[in-house]
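So this block is input.pdb, PDB, C-alpha atoms and all ligand atoms:
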ATOM      1  CA  MET A1247      84.943-122.684  84.932  1.00  0.00           C
ATOM      2  CA  THR A1248      83.994-126.070  86.313  1.00  0.00           C
ATOM      3  CA  ILE A1249      86.167-129.180  86.138  1.00  0.00           C
ATOM      4  CA  ALA A1250      83.990-130.394  83.256  1.00  0.00           C
ATOM      5  CA  ASP A1251      84.446-127.075  81.398  1.00  0.00           C
ATOM      6  CA  ASN A1252      88.204-127.338  81.774  1.00  0.00           C
ATOM      7  CA  ILE A1253      88.237-130.896  80.482  1.00  0.00           C
ATOM      8  CA  ASN A1254      86.039-130.022  77.518  1.00  0.00           C
ATOM      9  CA  GLN A1255      88.308-127.162  76.599  1.00  0.00           C
ATOM     10  CA  ILE A1256      91.374-129.425  76.555  1.00  0.00           C
ATOM     11  CA  ARG A1257      89.428-131.996  74.568  1.00  0.00           C
ATOM     12  CA  GLU A1258      88.739-129.378  71.872  1.00  0.00           C
ATOM     13  CA  THR A1259      92.492-129.056  71.358  1.00  0.00           C
ATOM     14  CA  LEU A1260      92.935-132.826  71.389  1.00  0.00           C
ATOM     15  CA  LYS A1261      90.545-133.213  68.453  1.00  0.00           C
ATOM     16  CA  ASP A1262      93.412-132.169  66.182  1.00  0.00           C
ATOM     17  CA  TYR A1263      95.679-134.859  67.717  1.00  0.00           C
ATOM     18  CA  PRO A1264      93.860-138.174  67.468  1.00  0.00           C
ATOM     19  CA  LYS A1265      96.756-140.164  68.985  1.00  0.00           C
ATOM     20  CA  ALA A1266      96.949-138.056  72.128  1.00  0.00           C
ATOM     21  CA  ASN A1267      95.498-139.132  75.481  1.00  0.00           C
ATOM     22  CA  LEU A1268      94.656-136.829  78.336  1.00  0.00           C
ATOM     23  CA  ILE A1269      95.913-137.874  81.762  1.00  0.00           C
ATOM     24  CA  ALA A1270      94.137-135.938  84.494  1.00  0.00           C
ATOM     25  CA  VAL A1271      96.732-135.464  87.231  1.00  0.00           C
ATOM     26  CA  SER A1272      94.780-135.830  90.455  1.00  0.00           C
ATOM     27  CA  LYS A1273      97.541-135.643  93.083  1.00  0.00           C
ATOM     28  CA  THR A1274      96.240-133.756  96.161  1.00  0.00           C
ATOM     29  CA  VAL A1275      92.736-133.727  94.636  1.00  0.00           C
ATOM     30  CA  GLU A1276      90.038-135.359  96.753  1.00  0.00           C
ATOM     31  CA  ASN A1277      87.688-138.062  95.473  1.00  0.00           C
ATOM     32  CA  GLU A1278      84.687-135.824  95.163  1.00  0.00           C
ATOM     33  CA  ARG A1279      86.417-133.668  92.554  1.00  0.00           C
ATOM     34  CA  ILE A1280      88.060-136.657  90.877  1.00  0.00           C
ATOM     35  CA  THR A1281      84.578-138.098  90.427  1.00  0.00           C
ATOM     36  CA  GLN A1282      83.517-134.918  88.638  1.00  0.00           C
ATOM     37  CA  ALA A1283      86.359-135.462  86.183  1.00  0.00           C
ATOM     38  CA  ILE A1284      85.381-139.100  85.670  1.00  0.00           C
ATOM     39  CA  LYS A1285      81.792-138.048  85.021  1.00  0.00           C
ATOM     40  CA  ALA A1286      83.054-135.497  82.509  1.00  0.00           C
ATOM     41  CA  GLY A1287      84.606-138.416  80.635  1.00  0.00           C
ATOM     42  CA  CYS A1288      88.212-138.652  81.869  1.00  0.00           C
ATOM     43  CA  LYS A1289      89.433-142.220  81.606  1.00  0.00           C
ATOM     44  CA  ILE A1290      93.083-141.888  82.639  1.00  0.00           C
ATOM     45  CA  PHE A1291      94.397-140.392  85.870  1.00  0.00           C
ATOM     46  CA  GLY A1292      97.877-139.728  87.177  1.00  0.00           C
ATOM     47  CA  GLU A1293      99.085-139.848  90.766  1.00  0.00           C
ATOM     48  CA  ASN A1294     102.603-139.303  92.078  1.00  0.00           C
ATOM     49  CA  LYS A1295     102.504-141.143  95.418  1.00  0.00           C
ATOM     50  CA  VAL A1296     101.707-144.779  96.065  1.00  0.00           C
ATOM     51  CA  GLN A1297     100.138-144.238  99.487  1.00  0.00           C
ATOM     52  CA  GLU A1298      97.856-141.453  98.274  1.00  0.00           C
ATOM     53  CA  ALA A1299      96.862-143.529  95.236  1.00  0.00           C
ATOM     54  CA  GLN A1300      95.913-146.464  97.474  1.00  0.00           C
ATOM     55  CA  ASP A1301      93.916-144.235  99.819  1.00  0.00           C
ATOM     56  CA  LYS A1302      91.884-142.676  97.026  1.00  0.00           C
ATOM     57  CA  TRP A1303      91.782-145.206  94.223  1.00  0.00           C
ATOM     58  CA  THR A1304      91.008-148.470  95.965  1.00  0.00           C
ATOM     59  CA  VAL A1305      87.428-147.222  96.222  1.00  0.00           C
ATOM     60  CA  LEU A1306      87.358-145.255  92.963  1.00  0.00           C
ATOM     61  CA  LYS A1307      88.644-148.178  90.923  1.00  0.00           C
ATOM     62  CA  SER A1308      85.948-150.459  92.254  1.00  0.00           C
ATOM     63  CA  GLN A1309      83.346-147.826  91.369  1.00  0.00           C
ATOM     64  CA  TYR A1310      84.810-147.046  87.953  1.00  0.00           C
ATOM     65  CA  PRO A1311      86.630-150.144  86.717  1.00  0.00           C
ATOM     66  CA  ASP A1312      87.290-148.683  83.241  1.00  0.00           C
ATOM     67  CA  VAL A1313      89.479-145.912  84.584  1.00  0.00           C
ATOM     68  CA  LYS A1314      93.246-146.413  84.240  1.00  0.00           C
ATOM     69  CA  LEU A1315      95.769-145.117  86.723  1.00  0.00           C
ATOM     70  CA  HIS A1316      99.312-144.004  85.870  1.00  0.00           C
ATOM     71  CA  LEU A1317     102.155-143.504  88.325  1.00  0.00           C
ATOM     72  CA  ILE A1318     103.952-140.294  87.344  1.00  0.00           C
ATOM     73  CA  GLY A1319     106.048-139.700  90.473  1.00  0.00           C
ATOM     74  CA  HIS A1320     109.356-141.063  91.688  1.00  0.00           C
ATOM     75  CA  LEU A1321     109.046-144.529  93.141  1.00  0.00           C
ATOM     76  CA  GLN A1322     111.009-145.829  96.100  1.00  0.00           C
ATOM     77  CA  SER A1323     111.960-149.462  95.724  1.00  0.00           C
ATOM     78  CA  ASN A1324     110.166-150.460  98.940  1.00  0.00           C
ATOM     79  CA  LYS A1325     106.879-149.258  97.336  1.00  0.00           C
ATOM     80  CA  ALA A1326     107.284-151.120  94.055  1.00  0.00           C
ATOM     81  CA  ALA A1327     105.183-154.105  95.113  1.00  0.00           C
ATOM     82  CA  GLU A1328     102.273-151.911  96.150  1.00  0.00           C
ATOM     83  CA  ALA A1329     102.656-149.796  93.026  1.00  0.00           C
ATOM     84  CA  ILE A1330     101.939-152.678  90.681  1.00  0.00           C
ATOM     85  CA  GLU A1331      98.814-153.528  92.673  1.00  0.00           C
ATOM     86  CA  ILE A1332      97.174-150.176  92.080  1.00  0.00           C
ATOM     87  CA  PHE A1333      98.744-148.709  88.916  1.00  0.00           C
ATOM     88  CA  ASP A1334      98.039-149.836  85.361  1.00  0.00           C
ATOM     89  CA  VAL A1335     100.980-147.931  83.919  1.00  0.00           C
ATOM     90  CA  ILE A1336     104.210-146.991  85.665  1.00  0.00           C
ATOM     91  CA  GLN A1337     105.766-144.015  83.907  1.00  0.00           C
ATOM     92  CA  THR A1338     108.800-143.666  86.144  1.00  0.00           C
ATOM     93  CA  LEU A1339     110.917-146.724  85.445  1.00  0.00           C
ATOM     94  CA  GLY A1340     114.455-145.403  85.720  1.00  0.00           C
ATOM     95  CA  SER A1341     116.775-147.876  87.405  1.00  0.00           C
ATOM     96  CA  GLU A1342     117.794-151.507  87.175  1.00  0.00           C
ATOM     97  CA  LYS A1343     117.205-151.855  90.876  1.00  0.00           C
ATOM     98  CA  LEU A1344     113.512-151.061  90.345  1.00  0.00           C
ATOM     99  CA  ALA A1345     113.347-153.310  87.313  1.00  0.00           C
ATOM    100  CA  GLU A1346     114.633-156.262  89.340  1.00  0.00           C
ATOM    101  CA  ILE A1347     111.968-155.741  91.982  1.00  0.00           C
ATOM    102  CA  PHE A1348     109.246-155.361  89.356  1.00  0.00           C
ATOM    103  CA  VAL A1349     110.202-158.616  87.681  1.00  0.00           C
ATOM    104  CA  LYS A1350     109.852-160.487  90.987  1.00  0.00           C
ATOM    105  CA  GLU A1351     106.581-158.826  91.920  1.00  0.00           C
ATOM    106  CA  ILE A1352     105.028-159.331  88.491  1.00  0.00           C
ATOM    107  CA  GLU A1353     105.779-163.024  88.796  1.00  0.00           C
ATOM    108  CA  LYS A1354     104.300-163.189  92.297  1.00  0.00           C
ATOM    109  CA  LYS A1355     101.215-161.083  91.723  1.00  0.00           C
ATOM    110  CA  LYS A1356     100.448-162.087  88.137  1.00  0.00           C
ATOM    111  CA  LYS A1357      99.904-158.431  87.308  1.00  0.00           C
ATOM    112  CA  HIS A1358     101.115-157.046  84.013  1.00  0.00           C
ATOM    113  CA  PRO A1359     101.571-153.316  84.218  1.00  0.00           C
ATOM    114  CA  GLU A1360     102.851-151.279  81.311  1.00  0.00           C
ATOM    115  CA  PHE A1361     106.005-149.230  81.764  1.00  0.00           C
ATOM    116  CA  PHE A1362     107.347-145.969  80.410  1.00  0.00           C
ATOM    117  CA  VAL A1363     111.033-145.255  80.963  1.00  0.00           C
ATOM    118  CA  GLN A1364     111.606-141.904  82.611  1.00  0.00           C
ATOM    119  CA  ILE A1365     114.270-139.861  80.838  1.00  0.00           C
ATOM    120  CA  ASN A1366     116.105-137.112  82.718  1.00  0.00           C
ATOM    121  CA  ILE A1367     115.956-135.031  79.577  1.00  0.00           C
ATOM    122  CA  GLY A1368     117.529-131.895  81.039  1.00  0.00           C
ATOM    123  CA  GLU A1369     120.259-133.937  82.794  1.00  0.00           C
ATOM    124  CA  GLU A1370     119.365-132.280  86.093  1.00  0.00           C
ATOM    125  CA  ILE A1371     120.990-133.671  89.235  1.00  0.00           C
ATOM    126  CA  GLN A1372     117.836-133.277  91.348  1.00  0.00           C
ATOM    127  CA  LYS A1373     115.668-135.255  88.907  1.00  0.00           C
ATOM    128  CA  SER A1374     115.439-138.988  88.526  1.00  0.00           C
ATOM    129  CA  GLY A1375     115.378-140.849  85.250  1.00  0.00           C
ATOM    130  CA  VAL A1376     117.809-142.201  82.729  1.00  0.00           C
ATOM    131  CA  ASN A1377     120.349-139.931  81.088  1.00  0.00           C
ATOM    132  CA  PRO A1378     119.405-139.376  77.401  1.00  0.00           C
ATOM    133  CA  ARG A1379     122.765-140.816  76.310  1.00  0.00           C
ATOM    134  CA  ASP A1380     122.027-144.063  78.147  1.00  0.00           C
ATOM    135  CA  ALA A1381     118.402-144.304  77.030  1.00  0.00           C
ATOM    136  CA  LYS A1382     118.898-146.724  74.169  1.00  0.00           C
ATOM    137  CA  VAL A1383     120.916-149.292  76.136  1.00  0.00           C
ATOM    138  CA  PHE A1384     118.607-149.001  79.152  1.00  0.00           C
ATOM    139  CA  ILE A1385     115.411-149.427  77.131  1.00  0.00           C
ATOM    140  CA  ARG A1386     116.799-152.475  75.278  1.00  0.00           C
ATOM    141  CA  LYS A1387     117.821-154.007  78.571  1.00  0.00           C
ATOM    142  CA  MET A1388     114.376-153.481  80.112  1.00  0.00           C
ATOM    143  CA  ILE A1389     112.693-155.140  77.138  1.00  0.00           C
ATOM    144  CA  ASP A1390     115.152-157.890  76.198  1.00  0.00           C
ATOM    145  CA  GLU A1391     116.614-158.917  79.558  1.00  0.00           C
ATOM    146  CA  TYR A1392     113.984-157.969  82.098  1.00  0.00           C
ATOM    147  CA  LYS A1393     111.078-158.667  79.707  1.00  0.00           C
ATOM    148  CA  LEU A1394     109.179-155.677  81.033  1.00  0.00           C
ATOM    149  CA  ASN A1395     106.346-154.353  78.903  1.00  0.00           C
ATOM    150  CA  VAL A1396     107.969-151.022  78.045  1.00  0.00           C
ATOM    151  CA  THR A1397     105.787-149.072  75.612  1.00  0.00           C
ATOM    152  CA  GLY A1398     106.984-145.501  75.994  1.00  0.00           C
ATOM    153  CA  ILE A1399     109.089-142.804  77.573  1.00  0.00           C
ATOM    154  CA  MET A1400     108.235-139.857  79.789  1.00  0.00           C
ATOM    155  CA  ALA A1401     110.012-136.692  80.891  1.00  0.00           C
ATOM    156  CA  ILE A1402     109.590-133.495  82.828  1.00  0.00           C
ATOM    157  CA  PRO A1403     111.698-130.787  81.170  1.00  0.00           C
ATOM    158  CA  PRO A1404     113.584-128.207  83.266  1.00  0.00           C
ATOM    159  CA  VAL A1405     111.380-125.428  84.641  1.00  0.00           C
ATOM    160  CA  ASN A1406     111.689-121.909  83.276  1.00  0.00           C
ATOM    161  CA  GLU A1407     113.185-123.071  80.000  1.00  0.00           C
ATOM    162  CA  ASP A1408     111.623-123.364  76.571  1.00  0.00           C
ATOM    163  CA  PRO A1409     110.410-126.977  76.550  1.00  0.00           C
ATOM    164  CA  ALA A1410     110.475-127.316  72.738  1.00  0.00           C
ATOM    165  CA  LEU A1411     114.109-128.418  72.541  1.00  0.00           C
ATOM    166  CA  TYR A1412     113.526-131.091  75.200  1.00  0.00           C
ATOM    167  CA  PHE A1413     110.329-132.301  73.576  1.00  0.00           C
ATOM    168  CA  ALA A1414     112.187-132.613  70.257  1.00  0.00           C
ATOM    169  CA  LEU A1415     114.887-134.691  71.960  1.00  0.00           C
ATOM    170  CA  MET A1416     112.244-136.908  73.539  1.00  0.00           C
ATOM    171  CA  ARG A1417     110.558-137.407  70.182  1.00  0.00           C
ATOM    172  CA  LYS A1418     113.915-138.445  68.735  1.00  0.00           C
ATOM    173  CA  ILE A1419     114.492-141.004  71.493  1.00  0.00           C
ATOM    174  CA  GLN A1420     110.966-142.363  71.024  1.00  0.00           C
ATOM    175  CA  ILE A1421     111.496-142.870  67.290  1.00  0.00           C
ATOM    176  CA  GLU A1422     115.006-144.337  67.660  1.00  0.00           C
ATOM    177  CA  ASN A1423     113.668-146.916  70.071  1.00  0.00           C
ATOM    178  CA  ASN A1424     110.514-147.619  68.135  1.00  0.00           C
ATOM    179  CA  LEU A1425     108.210-147.005  71.092  1.00  0.00           C
ATOM    180  CA  LYS A1426     104.513-146.276  70.818  1.00  0.00           C
ATOM    181  CA  ASN A1427     104.097-143.770  73.617  1.00  0.00           C
ATOM    182  CA  LEU A1428     105.515-140.362  74.434  1.00  0.00           C
ATOM    183  CA  SER A1429     104.453-138.782  77.738  1.00  0.00           C
ATOM    184  CA  ILE A1430     105.360-135.087  77.610  1.00  0.00           C
ATOM    185  CA  GLY A1431     103.492-131.869  78.360  1.00  0.00           C
ATOM    186  CA  MET A1432     101.768-130.491  81.441  1.00  0.00           C
ATOM    187  CA  SER A1433      99.289-127.618  81.988  1.00  0.00           C
ATOM    188  CA  SER A1434     101.680-124.892  80.867  1.00  0.00           C
ATOM    189  CA  ASP A1435     103.105-126.583  77.796  1.00  0.00           C
ATOM    190  CA  TYR A1436     100.820-129.332  76.544  1.00  0.00           C
ATOM    191  CA  GLN A1437     100.023-127.469  73.332  1.00  0.00           C
ATOM    192  CA  THR A1438     103.721-127.508  72.425  1.00  0.00           C
ATOM    193  CA  ALA A1439     104.022-131.138  73.518  1.00  0.00           C
ATOM    194  CA  LEU A1440     101.196-132.103  71.158  1.00  0.00           C
ATOM    195  CA  GLU A1441     103.036-130.494  68.262  1.00  0.00           C
ATOM    196  CA  PHE A1442     106.008-132.697  69.115  1.00  0.00           C
ATOM    197  CA  GLY A1443     103.924-135.857  69.004  1.00  0.00           C
ATOM    198  CA  ALA A1444     102.868-136.374  72.627  1.00  0.00           C
ATOM    199  CA  THR A1445     100.667-139.446  73.038  1.00  0.00           C
ATOM    200  CA  HIS A1446     100.053-138.646  76.726  1.00  0.00           C
ATOM    201  CA  ILE A1447      99.759-135.177  78.198  1.00  0.00           C
ATOM    202  CA  ARG A1448      99.697-134.946  82.006  1.00  0.00           C
ATOM    203  CA  VAL A1449      97.438-132.106  83.061  1.00  0.00           C
ATOM    204  CA  GLY A1450      96.639-131.179  86.658  1.00  0.00           C
ATOM    205  CA  THR A1451      96.267-127.454  87.294  1.00  0.00           C
ATOM    206  CA  ALA A1452      94.420-126.713  84.040  1.00  0.00           C
ATOM    207  CA  ILE A1453      91.744-129.211  85.091  1.00  0.00           C
ATOM    208  CA  PHE A1454      91.509-128.985  88.879  1.00  0.00           C
ATOM    209  CA  GLY A1455      92.931-125.506  89.527  1.00  0.00           C
ATOM    210  CA  GLU A1456      95.943-124.601  91.640  1.00  0.00           C
ATOM    211  CA  ARG A1457      97.007-127.282  94.090  1.00  0.00           C
ATOM    212  CA  GLN A1458      97.295-126.427  97.724  1.00  0.00           C
ATOM    213  CA  LEU A1459     100.736-126.844  99.153  1.00  0.00           C
ATOM    214  CA  VAL A1460     100.878-130.194 100.857  1.00  0.00           C
ATOM    215  CA  ILE A1461     103.428-130.686 103.563  1.00  0.00           C
ATOM    216  CA  SER A1462     104.455-134.297 103.474  1.00  0.00           C
ATOM    217  CA  ASN A1463     106.386-135.994 106.214  1.00  0.00           C
TER     218      ASN A1463
HETATM  219  C1  LIG A1501     102.066-132.619  89.002  1.00  0.00           C
HETATM  220  C2  LIG A1501     102.570-133.226  87.743  1.00  0.00           C
HETATM  221  C3  LIG A1501     101.996-132.916  86.499  1.00  0.00           C
HETATM  222  C4  LIG A1501     100.860-131.930  86.329  1.00  0.00           C
HETATM  223  O1  LIG A1501     101.331-130.632  86.448  1.00  0.00           O
HETATM  224  P1  LIG A1501     100.369-129.375  86.140  1.00  0.00           P
HETATM  225  O2  LIG A1501     101.328-128.284  85.879  1.00  0.00           O
HETATM  226  O3  LIG A1501      99.534-129.167  87.338  1.00  0.00           O
HETATM  227  O4  LIG A1501      99.573-129.720  84.931  1.00  0.00           O
HETATM  228  C5  LIG A1501     102.499-133.553  85.389  1.00  0.00           C
HETATM  229  N1  LIG A1501     103.511-134.439  85.460  1.00  0.00           N
HETATM  230  C6  LIG A1501     104.089-134.756  86.624  1.00  0.00           C
HETATM  231  C7  LIG A1501     105.194-135.747  86.644  1.00  0.00           C
HETATM  232  C8  LIG A1501     103.645-134.154  87.799  1.00  0.00           C
HETATM  233  O5  LIG A1501     104.235-134.488  88.965  1.00  0.00           O
END
Would it be possible to restate this file's structure as C-alpha cells?
Ligand SMILES: *Cc1c(COP(=O)(O)O)cnc(C)c1O
Amino acid sequence: MTIADNINQIRETLKDYPKANLIAVSKTVENERITQAIKAGCKIFGENKVQEAQDKWTVLKSQYPDVKLHLIGHLQSNKAAEAIEIFDVIQTLGSEKLAEIFVKEIEKKKKHPEFFVQINIGEEIQKSGVNPRDAKVFIRKMIDEYKLNVTGIMAIPPVNEDPALYFALMRKIQIENNLKNLSIGMSSDYQTALEFGATHIRVGTAIFGERQLVISN
C-alpha cells in the first residue's frame, strides 16, 4: 500500500461523515513522503514539535500555500511565539500561562491562529490539558477574557482502554460549550471517533506506516 492508497482508504470511510476532516500526522516523516500525501489530496497536517515543524514546513508551506498545519503536541511557553508563526491551528491550549503569551504574540505578529482546548479526558497525571471538570470555566475564560479564537477541543484518551467512553465525554463537553470542532481519534480508533462526532481525526501510522523511534535530546 502506498501513502496515496492509505489516504484513499481513509477517505472512503470519511464519505459517510461529511463534517469530518482528516489530519495527516507527519511527525518524524520527511518532506518527500509528506509531499506524496499532499499530492494525494491531503490538505491538513499535524506536527507535535515546533522546531521540527519549522524545519520541514517553512519550505512546504511556500510550495503548497493551501495546506494548513495543526500543532497537536505539548507546547512549552518559550516556543509559543514561534508556534503562531508556523501553525494555523493550535490544538493544545491548556493553561492560562500559554494563553497570556499567545495574546501578546498575536498582537505583535498580527497572526490569528485558531485554538482547540486540550482536555485531559482520562485525568492522567502524565498528560497535559484541562481537567474535564474545569473545561467549561476554562473555555469561557479563553473566549471571553483572553479573546482567543477557540473553536474546538481535542483529547488523547488513555492507551489500552476502550476509547468510546472518553469520546462520549468529549462530545458532551463540545456540545455543552457550543463549539464547532471535536478533535478525537487516531489510527487505531478513528472509526469509533467518527461515530462520536469527530470533526478532526489525527492519523499518522495508518497513512505513513510505523514511525521510527526518534531519540530527542
Ligand atoms: C502521533 C499522534 C497522533 C497520530 O497517532 P497514530 O496512532 O500514528 O495515528 C495523533 N494525535 C497526537 C496528539 C499524536 O501525537
### Query
Taking the file as shown, what set of residues would the PyMOL selection byres (((chain A and resi 1376) around 9) and not hetatm) give back, as number ranges by chain?
A: 1339-1341, 1363-1367, 1369, 1374-1375, 1377-1381, 1384
Find the spatial neighbours of A:Thr1248, counting all atoms listed in the file, within a cut-off of 12 Å - ignore same-chain residues fewer than 3 positions away - and output them as a PDB file with C-alpha atoms, keeping the file's coordinate frame.
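part_14.pdb, freshly written:
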ATOM      1  CA  ASP A1251      84.446-127.075  81.398  1.00  0.00           C
ATOM      2  CA  ASN A1252      88.204-127.338  81.774  1.00  0.00           C
ATOM      3  CA  ILE A1253      88.237-130.896  80.482  1.00  0.00           C
ATOM      4  CA  ASN A1254      86.039-130.022  77.518  1.00  0.00           C
ATOM      5  CA  GLN A1255      88.308-127.162  76.599  1.00  0.00           C
ATOM      6  CA  ARG A1279      86.417-133.668  92.554  1.00  0.00           C
ATOM      7  CA  GLN A1282      83.517-134.918  88.638  1.00  0.00           C
ATOM      8  CA  ALA A1283      86.359-135.462  86.183  1.00  0.00           C
ATOM      9  CA  ALA A1286      83.054-135.497  82.509  1.00  0.00           C
ATOM     10  CA  ALA A1452      94.420-126.713  84.040  1.00  0.00           C
ATOM     11  CA  ILE A1453      91.744-129.211  85.091  1.00  0.00           C
ATOM     12  CA  PHE A1454      91.509-128.985  88.879  1.00  0.00           C
ATOM     13  CA  GLY A1455      92.931-125.506  89.527  1.00  0.00           C
TER      14      GLY A1455
END
Could you tell me which residues the PyMOL selection byres (((chain A and resi 1419) around 10) and not hetatm) grabs in this file, written as a compact mmCIF listing (two decimals) with C-alpha atoms, in the frame of the given file?
# COMPACT_ATOMS: atom_id res chain seq x y z
CA ILE A 1365 114.27 -139.86 80.84
CA PRO A 1378 119.40 -139.38 77.40
CA ARG A 1379 122.76 -140.82 76.31
CA ALA A 1381 118.40 -144.30 77.03
CA LYS A 1382 118.90 -146.72 74.17
CA GLY A 1398 106.98 -145.50 75.99
CA ILE A 1399 109.09 -142.80 77.57
CA PHE A 1413 110.33 -132.30 73.58
CA ALA A 1414 112.19 -132.61 70.26
CA LEU A 1415 114.89 -134.69 71.96
CA MET A 1416 112.24 -136.91 73.54
CA ARG A 1417 110.56 -137.41 70.18
CA LYS A 1418 113.92 -138.44 68.74
CA GLN A 1420 110.97 -142.36 71.02
CA ILE A 1421 111.50 -142.87 67.29
CA GLU A 1422 115.01 -144.34 67.66
CA ASN A 1423 113.67 -146.92 70.07
CA ASN A 1424 110.51 -147.62 68.14
CA LEU A 1425 108.21 -147.00 71.09
CA LEU A 1428 105.52 -140.36 74.43
### Query
Taking into account all atoms listed in the file, which residue in the set A:Ile1402, A:Thr1397, A:Gly1292, A:Lys1356 is nearest to A:Glu1370?
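Between A:Ile1402, A:Thr1397, A:Gly1292, A:Lys1356, the residue approaching A:Glu1370 most closely is A:Ile1402.
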### Task
Tell me which residues the PyMOL selection byres (((not hetatm)) within 8 of (chain A and resi 1501)) grabs here, as a VMD selection string.
chain A and resid 1271 1273 1292 to 1294 1318 to 1319 1401 to 1402 1431 to 1434 1447 to 1453 1455 to 1457
### Message
Using Å and a single decimal, report how far atom CA of A:Asn1395 sits from atom CA of A:Phe1362.
### Response
8.6 Å
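Computed from the coordinates, the atom CA of A:Leu1317 to atom CA of A:Gln1337 distance equals 5.7 Å.
Nearest residue to A:Arg1257 among A:Ile1389, A:Ala1327, A:Ala1270, A:Val1313 is A:Ala1270, counting all atoms listed in the file.
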### Task
Excluding A:Asn1277 and any residue of its chain fewer than 3 positions from it, enumerate the residues within 7 Å of it, using only C-alpha atoms, and give them as a list in words.
Ile1280, Thr1281 and Lys1302 of chain A
### Spatial sel., origin (113.9, -157.0, 88.4), limit 12 Å, only C-alpha atoms, listed as JSON, numbers by chain
{"A": [1323, 1326, 1327, 1339, 1340, 1341, 1342, 1343, 1344, 1345, 1346, 1347, 1348, 1349, 1350, 1351, 1352, 1353, 1387, 1388, 1389, 1391, 1392, 1393, 1394]}
Give me a file of those residues, with C-alpha atoms, as a compact mmCIF listing (two decimals), in the coordinates of the input.
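As written to disk, again.txt reads:
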# COMPACT_ATOMS: atom_id res chain seq x y z
CA SER A 1323 111.96 -149.46 95.72
CA ALA A 1326 107.28 -151.12 94.06
CA ALA A 1327 105.18 -154.10 95.11
CA LEU A 1339 110.92 -146.72 85.44
CA GLY A 1340 114.46 -145.40 85.72
CA SER A 1341 116.78 -147.88 87.40
CA GLU A 1342 117.79 -151.51 87.18
CA LYS A 1343 117.20 -151.85 90.88
CA LEU A 1344 113.51 -151.06 90.34
CA ALA A 1345 113.35 -153.31 87.31
CA GLU A 1346 114.63 -156.26 89.34
CA ILE A 1347 111.97 -155.74 91.98
CA PHE A 1348 109.25 -155.36 89.36
CA VAL A 1349 110.20 -158.62 87.68
CA LYS A 1350 109.85 -160.49 90.99
CA GLU A 1351 106.58 -158.83 91.92
CA ILE A 1352 105.03 -159.33 88.49
CA GLU A 1353 105.78 -163.02 88.80
CA LYS A 1387 117.82 -154.01 78.57
CA MET A 1388 114.38 -153.48 80.11
CA ILE A 1389 112.69 -155.14 77.14
CA GLU A 1391 116.61 -158.92 79.56
CA TYR A 1392 113.98 -157.97 82.10
CA LYS A 1393 111.08 -158.67 79.71
CA LEU A 1394 109.18 -155.68 81.03
### Query
Could you work out how far atom CA of A:Cys1288 lies from atom CA of A:Gln1300, giving the answer in Å with one decimal?
19.1 Å
Around all of stretch 1417-1420 of chain A's listed atoms, make the axis-aligned box with 5 Å on each side and tell me centre and edge lengths in Å to one decimal, as lines of an AutoDock Vina configuration file.
center_x = 112.5
center_y = -139.9
center_z = 70.1
size_x = 13.9
size_y = 15.0
size_z = 12.8
### Query
Taking only C-alpha atoms into account, which of A:Lys1289, A:Lys1373, A:Lys1261, A:Lys1314 comes nearest A:Val1335?
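Among the listed residues, A:Lys1314 lies closest to A:Val1335.
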### Query
How would you write as a ChimeraX atom specification the residues that get within 8 Å of (95.3, -134.1, 75.9) in the file's frame, counting all atoms listed in the file?
/A:1256-1257,1259-1260,1266-1269,1436,1440,1446-1449
### Task
Identify which of the residues A:Lys1354, A:Lys1295, A:His1316, A:Lys1307 lies closest to A:Ser1429, counting all atoms listed in the file when measuring atom-to-atom distances.
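The closest residue to A:Ser1429 is A:His1316.
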### Message
Just want the 12 Å neighbourhood of A:Pro1311, counted on all atoms listed in the file, with same-chain residues fewer than 5 positions away dropped. Output as a PyMOL selection string.
### Response
chain A and resi 1284+1289-1290+1303-1306+1332+1334
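Counting all atoms listed in the file, the residue from A:His1320, A:Gly1287, A:Asp1301, A:Gly1443 that sits nearest to A:Gln1372 is A:His1320.
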### Query
Which residue gives the smallest distance to A:Tyr1412 among A:Phe1442, A:Val1396, A:Ile1249, A:Lys1426, with all atoms listed in the file counted?
A:Phe1442
Mind filling out stretch 1345-1354 of chain A with N, CA and C atoms and sending it as a JSON list (two decimals), in the frame of the given file?
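File written: selection_5.json
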[["chain", "number", "residue", "atom", "x", "y", "z"],
["A", 1345, "ALA", "N", 113.73, -152.28, 88.29],
["A", 1345, "ALA", "CA", 113.35, -153.31, 87.31],
["A", 1345, "ALA", "C", 113.42, -154.70, 87.94],
["A", 1346, "GLU", "N", 114.48, -154.95, 88.70],
["A", 1346, "GLU", "CA", 114.63, -156.26, 89.34],
["A", 1346, "GLU", "C", 113.47, -156.56, 90.28],
["A", 1347, "ILE", "N", 113.09, -155.55, 91.05],
["A", 1347, "ILE", "CA", 111.97, -155.74, 91.98],
["A", 1347, "ILE", "C", 110.67, -155.97, 91.21],
["A", 1348, "PHE", "N", 110.47, -155.20, 90.15],
["A", 1348, "PHE", "CA", 109.25, -155.36, 89.36],
["A", 1348, "PHE", "C", 109.14, -156.77, 88.78],
["A", 1349, "VAL", "N", 110.23, -157.28, 88.27],
["A", 1349, "VAL", "CA", 110.20, -158.62, 87.68],
["A", 1349, "VAL", "C", 109.72, -159.64, 88.72],
["A", 1350, "LYS", "N", 110.26, -159.55, 89.92],
["A", 1350, "LYS", "CA", 109.85, -160.49, 90.99],
["A", 1350, "LYS", "C", 108.38, -160.33, 91.35],
["A", 1351, "GLU", "N", 107.96, -159.09, 91.49],
["A", 1351, "GLU", "CA", 106.58, -158.83, 91.92],
["A", 1351, "GLU", "C", 105.56, -159.20, 90.85],
["A", 1352, "ILE", "N", 105.93, -158.98, 89.59],
["A", 1352, "ILE", "CA", 105.03, -159.33, 88.49],
["A", 1352, "ILE", "C", 104.78, -160.83, 88.49],
["A", 1353, "GLU", "N", 105.86, -161.57, 88.71],
["A", 1353, "GLU", "CA", 105.78, -163.02, 88.80],
["A", 1353, "GLU", "C", 104.85, -163.46, 89.93],
["A", 1354, "LYS", "N", 105.06, -162.84, 91.09],
["A", 1354, "LYS", "CA", 104.30, -163.19, 92.30],
["A", 1354, "LYS", "C", 102.83, -162.83, 92.17]]
